[in-house]
Structure formats: C-alpha cells, structure tokens
>>> print(open('run_11.txt').read())   # compact mmCIF, C-alpha atoms
# COMPACT_ATOMS: atom_id res chain seq x y z
CA ASP A 12 11.87 -14.56 -2.01
CA VAL A 13 11.20 -12.57 1.12
CA LYS A 14 12.74 -14.18 4.13
CA VAL A 15 11.70 -13.52 7.69
CA THR A 16 13.68 -15.37 10.32
CA GLN A 17 13.16 -15.70 14.05
CA SER A 18 15.94 -16.41 16.49
CA SER A 19 14.45 -19.56 18.03
CA ARG A 20 11.79 -22.12 17.08
CA TYR A 21 11.34 -23.30 20.67
CA LEU A 22 12.15 -21.53 23.91
CA VAL A 23 11.60 -22.48 27.54
CA LYS A 24 11.96 -19.79 30.18
CA ARG A 25 11.21 -19.44 33.85
CA THR A 26 8.71 -17.10 35.42
CA GLY A 27 10.28 -13.69 36.03
CA GLU A 28 13.01 -14.05 33.41
CA LYS A 29 13.59 -11.35 30.81
CA VAL A 30 13.02 -12.83 27.37
CA PHE A 31 14.18 -11.51 24.00
CA LEU A 32 12.64 -12.70 20.74
CA GLU A 33 14.45 -11.54 17.64
CA CYS A 34 13.14 -11.17 14.10
CA VAL A 35 15.08 -10.29 10.96
CA GLN A 36 13.78 -9.64 7.45
CA ASP A 37 15.85 -9.31 4.32
CA MET A 38 13.57 -7.40 1.95
CA ASP A 39 13.94 -3.82 3.16
CA HIS A 40 10.33 -3.74 4.37
CA GLU A 41 9.44 -0.68 6.40
CA ASN A 42 6.76 -2.38 8.50
CA MET A 43 7.32 -5.13 11.04
CA PHE A 44 4.87 -6.81 13.40
CA TRP A 45 4.74 -9.11 16.40
CA TYR A 46 1.72 -11.34 17.00
CA ARG A 47 0.88 -14.05 19.42
CA GLN A 48 -1.19 -16.99 18.28
CA ASP A 49 -3.33 -18.98 20.70
CA PRO A 50 -5.86 -21.74 19.93
CA GLY A 51 -9.33 -20.33 19.39
CA LEU A 52 -8.10 -16.74 19.50
CA GLY A 53 -6.38 -16.45 16.14
CA LEU A 54 -3.58 -13.92 15.74
CA ARG A 55 -3.47 -10.96 18.06
CA LEU A 56 -1.23 -8.00 17.38
CA ILE A 57 1.18 -7.11 20.18
CA TYR A 58 3.22 -4.27 18.65
CA PHE A 59 4.17 -3.02 15.23
CA SER A 60 6.72 -0.68 13.78
CA TYR A 61 6.50 1.32 10.58
CA ASP A 62 10.02 2.72 10.67
CA VAL A 63 13.28 2.50 12.56
CA LYS A 64 12.86 3.56 16.20
CA MET A 65 9.11 3.92 15.67
CA LYS A 66 6.63 1.64 17.38
CA GLU A 67 2.92 1.46 17.99
CA LYS A 68 0.91 -0.62 20.39
CA GLY A 69 -1.27 -3.31 18.99
CA ASP A 70 -4.24 -4.93 20.66
CA ILE A 71 -2.45 -6.68 23.53
CA PRO A 72 0.76 -4.77 24.41
CA GLU A 73 0.62 -5.30 28.18
CA GLY A 74 3.67 -7.13 29.50
CA TYR A 75 5.64 -6.61 26.28
CA SER A 76 7.97 -4.04 24.81
CA VAL A 77 9.76 -3.81 21.46
CA SER A 78 12.89 -2.40 19.95
CA ARG A 79 13.72 -1.49 16.37
CA GLU A 80 17.20 -0.02 16.07
CA LYS A 81 17.78 -1.22 12.50
CA LYS A 82 15.32 -1.50 9.66
CA GLU A 83 15.77 -5.24 9.24
CA ARG A 84 15.49 -6.20 12.90
CA PHE A 85 12.53 -6.06 15.30
CA SER A 86 12.82 -7.43 18.81
CA LEU A 87 10.07 -8.39 21.22
CA ILE A 88 10.91 -8.18 24.90
CA LEU A 89 9.09 -9.81 27.78
CA GLU A 90 10.35 -7.82 30.75
CA SER A 91 9.29 -10.40 33.33
CA ALA A 92 7.91 -13.54 31.76
CA SER A 93 4.73 -15.00 33.19
CA THR A 94 2.99 -18.30 32.54
CA ASN A 95 0.15 -16.57 30.68
CA GLN A 96 2.69 -15.50 28.08
CA THR A 97 3.19 -19.11 27.03
CA SER A 98 2.24 -18.96 23.36
CA MET A 99 3.35 -19.07 19.74
CA TYR A 100 4.93 -15.77 18.70
CA LEU A 101 4.91 -14.80 15.04
CA CYS A 102 6.89 -12.01 13.44
CA ALA A 103 5.91 -10.51 10.10
CA SER A 104 7.06 -7.78 7.73
CA SER A 105 5.41 -5.92 4.89
CA LEU A 106 5.44 -3.01 2.52
CA SER A 107 2.77 -0.32 2.56
CA THR A 108 0.78 1.39 -0.12
CA GLY A 109 -0.04 4.66 1.52
CA ARG A 110 -1.61 3.74 4.83
CA LEU A 111 -2.70 0.31 3.69
CA ILE A 112 -0.57 -2.64 4.66
CA TYR A 113 0.26 -4.85 1.75
CA GLU A 114 0.53 -8.56 2.35
CA GLN A 115 2.60 -9.63 5.31
CA TYR A 116 5.39 -12.18 5.19
CA PHE A 117 5.69 -14.32 8.27
CA GLY A 118 8.55 -15.94 10.11
CA PRO A 119 8.39 -19.58 11.24
CA GLY A 120 7.29 -18.66 14.76
CA THR A 121 8.76 -19.13 18.23
CA ARG A 122 6.93 -21.41 20.59
CA LEU A 123 7.61 -19.97 24.03
CA THR A 124 6.89 -21.92 27.19
CA VAL A 125 7.12 -20.13 30.52
CA THR A 126 7.31 -22.46 33.53
CA ALA B 2 -12.68 -0.77 14.47
CA GLN B 3 -12.62 -3.43 11.83
CA THR B 4 -13.69 -6.94 12.67
CA VAL B 5 -13.20 -10.15 10.72
CA THR B 6 -15.45 -13.12 11.38
CA GLN B 7 -14.82 -16.71 10.42
CA SER B 8 -17.82 -18.48 11.86
CA GLN B 9 -16.83 -22.08 11.08
CA PRO B 10 -14.02 -23.39 13.30
CA GLU B 11 -13.50 -26.60 11.32
CA MET B 12 -14.32 -28.13 7.96
CA SER B 13 -13.54 -31.37 6.23
CA VAL B 14 -13.49 -32.20 2.52
CA GLN B 15 -12.80 -35.25 0.41
CA GLU B 16 -9.71 -35.15 -1.77
CA ALA B 17 -10.44 -33.80 -5.28
CA GLU B 18 -13.66 -32.10 -4.19
CA THR B 19 -14.36 -28.38 -3.84
CA VAL B 20 -14.71 -26.56 -0.54
CA THR B 21 -15.64 -22.98 0.33
CA LEU B 22 -14.42 -21.20 3.44
CA SER B 23 -16.46 -18.21 4.52
CA CYS B 24 -15.38 -14.87 5.94
CA THR B 25 -17.26 -11.68 6.70
CA TYR B 26 -15.85 -8.36 7.80
CA ASP B 27 -17.10 -5.08 9.06
CA THR B 28 -15.71 -1.72 7.97
CA SER B 29 -16.82 1.76 6.99
CA GLU B 30 -13.82 2.21 4.68
CA ASN B 31 -14.03 2.08 0.94
CA ASN B 32 -10.43 1.29 0.07
CA TYR B 33 -8.83 -1.79 1.63
CA TYR B 34 -7.24 -5.16 0.98
CA LEU B 35 -8.44 -8.61 1.93
CA PHE B 36 -6.26 -11.69 2.26
CA TRP B 37 -6.45 -15.40 2.84
CA TYR B 38 -3.48 -16.96 4.61
CA LYS B 39 -2.68 -20.65 5.02
CA GLN B 40 -0.83 -22.16 7.99
CA PRO B 41 0.00 -25.85 7.48
CA PRO B 42 0.58 -27.93 10.62
CA SER B 43 3.83 -26.84 12.29
CA ARG B 44 4.76 -24.78 9.27
CA GLN B 45 5.03 -21.16 8.27
CA MET B 46 2.05 -18.93 7.47
CA ILE B 47 1.90 -18.12 3.78
CA LEU B 48 -0.28 -15.90 1.63
CA VAL B 49 -2.83 -17.73 -0.50
CA ILE B 50 -4.61 -14.90 -2.27
CA ARG B 51 -5.16 -11.13 -2.15
CA GLN B 52 -8.12 -8.99 -3.20
CA GLU B 53 -8.11 -5.23 -3.64
CA ALA B 54 -11.46 -3.72 -2.69
CA TYR B 55 -11.53 -1.37 -5.68
CA LYS B 56 -11.34 -4.31 -8.09
CA GLN B 57 -14.65 -5.84 -9.04
CA GLN B 58 -13.07 -8.94 -10.52
CA ASN B 59 -12.57 -11.80 -8.10
CA ALA B 60 -8.96 -12.83 -7.55
CA THR B 61 -7.81 -16.30 -8.58
CA GLU B 62 -4.58 -18.21 -7.99
CA ASN B 63 -4.56 -21.64 -9.64
CA ARG B 64 -7.00 -23.80 -7.62
CA PHE B 65 -7.83 -20.96 -5.23
CA SER B 66 -10.41 -18.29 -5.96
CA VAL B 67 -12.43 -15.83 -3.96
CA ASN B 68 -16.00 -14.64 -4.04
CA PHE B 69 -15.75 -10.99 -3.02
CA GLN B 70 -19.09 -9.34 -2.29
CA LYS B 71 -18.24 -5.78 -1.27
CA ALA B 72 -21.78 -4.65 -0.43
CA ALA B 73 -22.35 -7.73 1.70
CA LYS B 74 -18.83 -7.49 3.19
CA SER B 75 -18.21 -11.10 2.40
CA PHE B 76 -14.96 -12.68 1.22
CA SER B 77 -15.09 -16.45 0.79
CA LEU B 78 -12.29 -18.71 -0.42
CA LYS B 79 -13.00 -21.56 -2.82
CA ILE B 80 -10.51 -24.40 -3.09
CA SER B 81 -11.05 -26.57 -6.14
CA ASP B 82 -9.70 -30.10 -6.60
CA SER B 83 -8.67 -30.27 -2.93
CA GLN B 84 -5.34 -31.92 -2.23
CA LEU B 85 -3.94 -33.48 0.94
CA GLY B 86 -1.44 -30.63 1.09
CA ASP B 87 -4.32 -28.18 1.50
CA THR B 88 -4.82 -29.48 5.04
CA ALA B 89 -4.08 -26.41 7.15
CA MET B 90 -5.49 -23.60 9.19
CA TYR B 91 -6.81 -20.76 7.01
CA PHE B 92 -7.05 -17.17 8.16
CA CYS B 93 -8.98 -14.35 6.57
CA ALA B 94 -7.44 -10.88 7.08
CA PHE B 95 -8.37 -7.24 6.45
CA SER B 96 -5.99 -4.35 5.80
CA GLY B 97 -7.39 -0.86 6.15
CA ALA B 98 -6.44 2.70 6.94
CA ASN B 99 -5.29 1.94 10.49
CA SER B 100 -2.13 0.42 8.97
CA LYS B 101 -2.70 -2.95 10.61
CA LEU B 102 -3.95 -6.34 9.52
CA THR B 103 -6.96 -7.66 11.38
CA PHE B 104 -7.24 -11.45 11.34
CA GLY B 105 -10.18 -13.76 11.83
CA LYS B 106 -9.89 -16.60 14.32
CA GLY B 107 -9.15 -19.09 11.57
CA ILE B 108 -10.67 -22.30 10.29
CA THR B 109 -9.06 -25.73 10.39
CA LEU B 110 -9.49 -27.51 7.08
CA SER B 111 -8.89 -31.25 6.84
CA VAL B 112 -8.65 -32.95 3.45
CA ARG B 113 -9.56 -36.63 3.63
CA PRO B 114 -7.86 -39.15 1.30
>>> encode(input="run_11.txt", output="structure tokens")
Amino acid sequence: DVKVTQSSRYLVKRTGEKVFLECVQDMDHENMFWYRQDPGLGLRLIYFSYDVKMKEKGDIPEGYSVSREKKERFSLILESASTNQTSMYLCASSLSTGRLIYEQYFGPGTRLTVT
Amino acid sequence: AQTVTQSQPEMSVQEAETVTLSCTYDTSENNYYLFWYKQPPSRQMILVIRQEAYKQQNATENRFSVNFQKAAKSFSLKISDSQLGDTAMYFCAFSGANSKLTFGKGITLSVRP
C-alpha cells in the first residue's frame, strides 16, 4: 500500500513564526502536491512538484514556499505565518501517465492553527 | 482552465438505499481522468473510483459505480446499498493535460440508520 505521512496531525503556531510542514511518501512517486482544505472551498492547490528540485505554483501560492531535495520528501514552508493561514493542509503523491496525473494518494492532513 | 462543479453541498440517505452524487466539469480536452474521492470525518482522503475518458464503459467498484456522460461532461457517483460507513465528504476531481488535479467543492453525505 502507498503510504503518505505528514509530520504533525495538529500544530499551533503564533503569527509571524516560520512553519515547516513535512510530507514523506514511500512509493517512489514522481509527483507531490500540497493543498489546503477549507469549509465550502474544497481543496485548493498551493504548490506541486513533478521531480526533485522542481516546483510549480498552484492556485494559491502566496505566502507559501516549498522544498523538494529528495524524491520522497516534500516540504511546505510558511515564511511568516498569519491567521488567515489557519487551515487543514493535505499532502498527496501520484504517478503520471504522460502529462496526466494518475490518482493521488493523500496523507492524513495537518490541522494548523495560527494564533 | 478546467472547472469541476458539485452543486449539492449536502445529501442524506437512508441505510440500504441508493444515492447518486452529481458532478459536472468543463474542459476542451479529449483525454483525461475523472475521480471520486471519499473523506470520512477526521480521516484520510481515499480514492473511491476512477474513470478514463477514452473508455465508454462506466467504472464500477463493488457498491460504487459511475455514470460517465462525456458529451454532457457529467460524472455522477451512485452508491448502492448505502452503509453507515459511507458517511463522508465526497469530492469529484478532474485530471487533464495541465498535470494537476482540479477538485470540486465536495458534498457531505450522511447515511441515516
């Protein structure tokens, strides 16, 4: 079974702090994704990566950055956390068939609260 | 850009009955995938079913089946013999040539005992 793990299930940070969310997958998938999930808004893509050291902006990249130094690990960084970044953060990984993304496998999520 | 629309925010069904969740999408592409994902309360998102656009036959997985209407750009999920464990949020998703998944806003399904 594909396993995607996230470093924390719950996280509480203060405004202005630098926050790191880590995601690790164990199936040698080339693609990895970070989403945030908010009630009524569904899943919104923050960043994704289709290879080591490669990254592309998603739909809402402002206030976030990412790092992918190893194939299995994809980190989301909040440079200076703000209260409007309080959300559920989901990591996912997948294979591709050409340019099409095959199904994504999700981690359990990190519920981040910024106070 | 692709869009995925789930127009019903909530639905409720009696245990053992059948329920259909609707999804429409907009794309100019001919080759793509469509997915339904399930997110139980406080639990991990998992794949329910996948449909390849080039396949005319509707996908089925046990009690879950889809009605894929490519010309109408419609992709509904039918859950037969609903069980309490089907209570969850369900997301419809589209995968196309932009190498991303586009998700609908989701529908909350409640199965009543």
>>> residues_around(input="run_11.txt", residues="B:Ala54", least_positions_apart="6", cutoff="6 Å", atoms="all atoms listed in the file", output="PyMOL selection string")
chain B and resi 32-34
>>> residues_around(input="run_11.txt", residues="B:Phe69", least_positions_apart="6", cutoff="10 Å", atoms="all atoms listed in the file", output="list of chain:residue names")
B:Cys24, B:Thr25, B:Leu35, B:Gln52, B:Glu53, B:Ala54, B:Lys56, B:Gln57, B:Gln58, B:Asn59, B:Ala60, B:Ser75, B:Phe76, B:Ser77, B:Leu78
>>> interface_residues(input="run_11.txt", of="chain B", to="chain A", cutoff="8 Å", atoms="all atoms listed in the file", output="PyMOL selection string")
chain B and resi 33-34+36+44-48+51+96-102+104-107
>>> closest_residue(input="run_11.txt", among="A:Ala92, A:Leu32, A:Val15, A:Val63", to="A:Glu80", atoms="all atoms listed in the file")
A:Val63
>>> residues_around(input="run_11.txt", residues="A:His40", least_positions_apart="4", cutoff="9 Å", atoms="all atoms listed in the file", output="VMD selection string")
chain A and resid 36 61 82 to 83 104 to 107
>>> closest_residue(input="run_11.txt", among="A:Lys29, A:Asp37, A:Glu67, A:Glu90", to="A:Gln17", atoms="all atoms listed in the file")
A:Asp37
>>> residues_around(input="run_11.txt", residues="A:Tyr75", least_positions_apart="2", cutoff="10 Å", atoms="only C-alpha atoms", output="ChimeraX atom specification")
/A:30,57-58,68,71-73,77,87-92,96
>>> atom_distance(input="run_11.txt", atom1="atom CA of B:Ser13", atom2="atom CA of B:Asp27")
26.7 Å
>>> atom_distance(input="run_11.txt", atom1="atom CA of B:Trp37", atom2="atom CA of B:Glu62")
11.3 Å
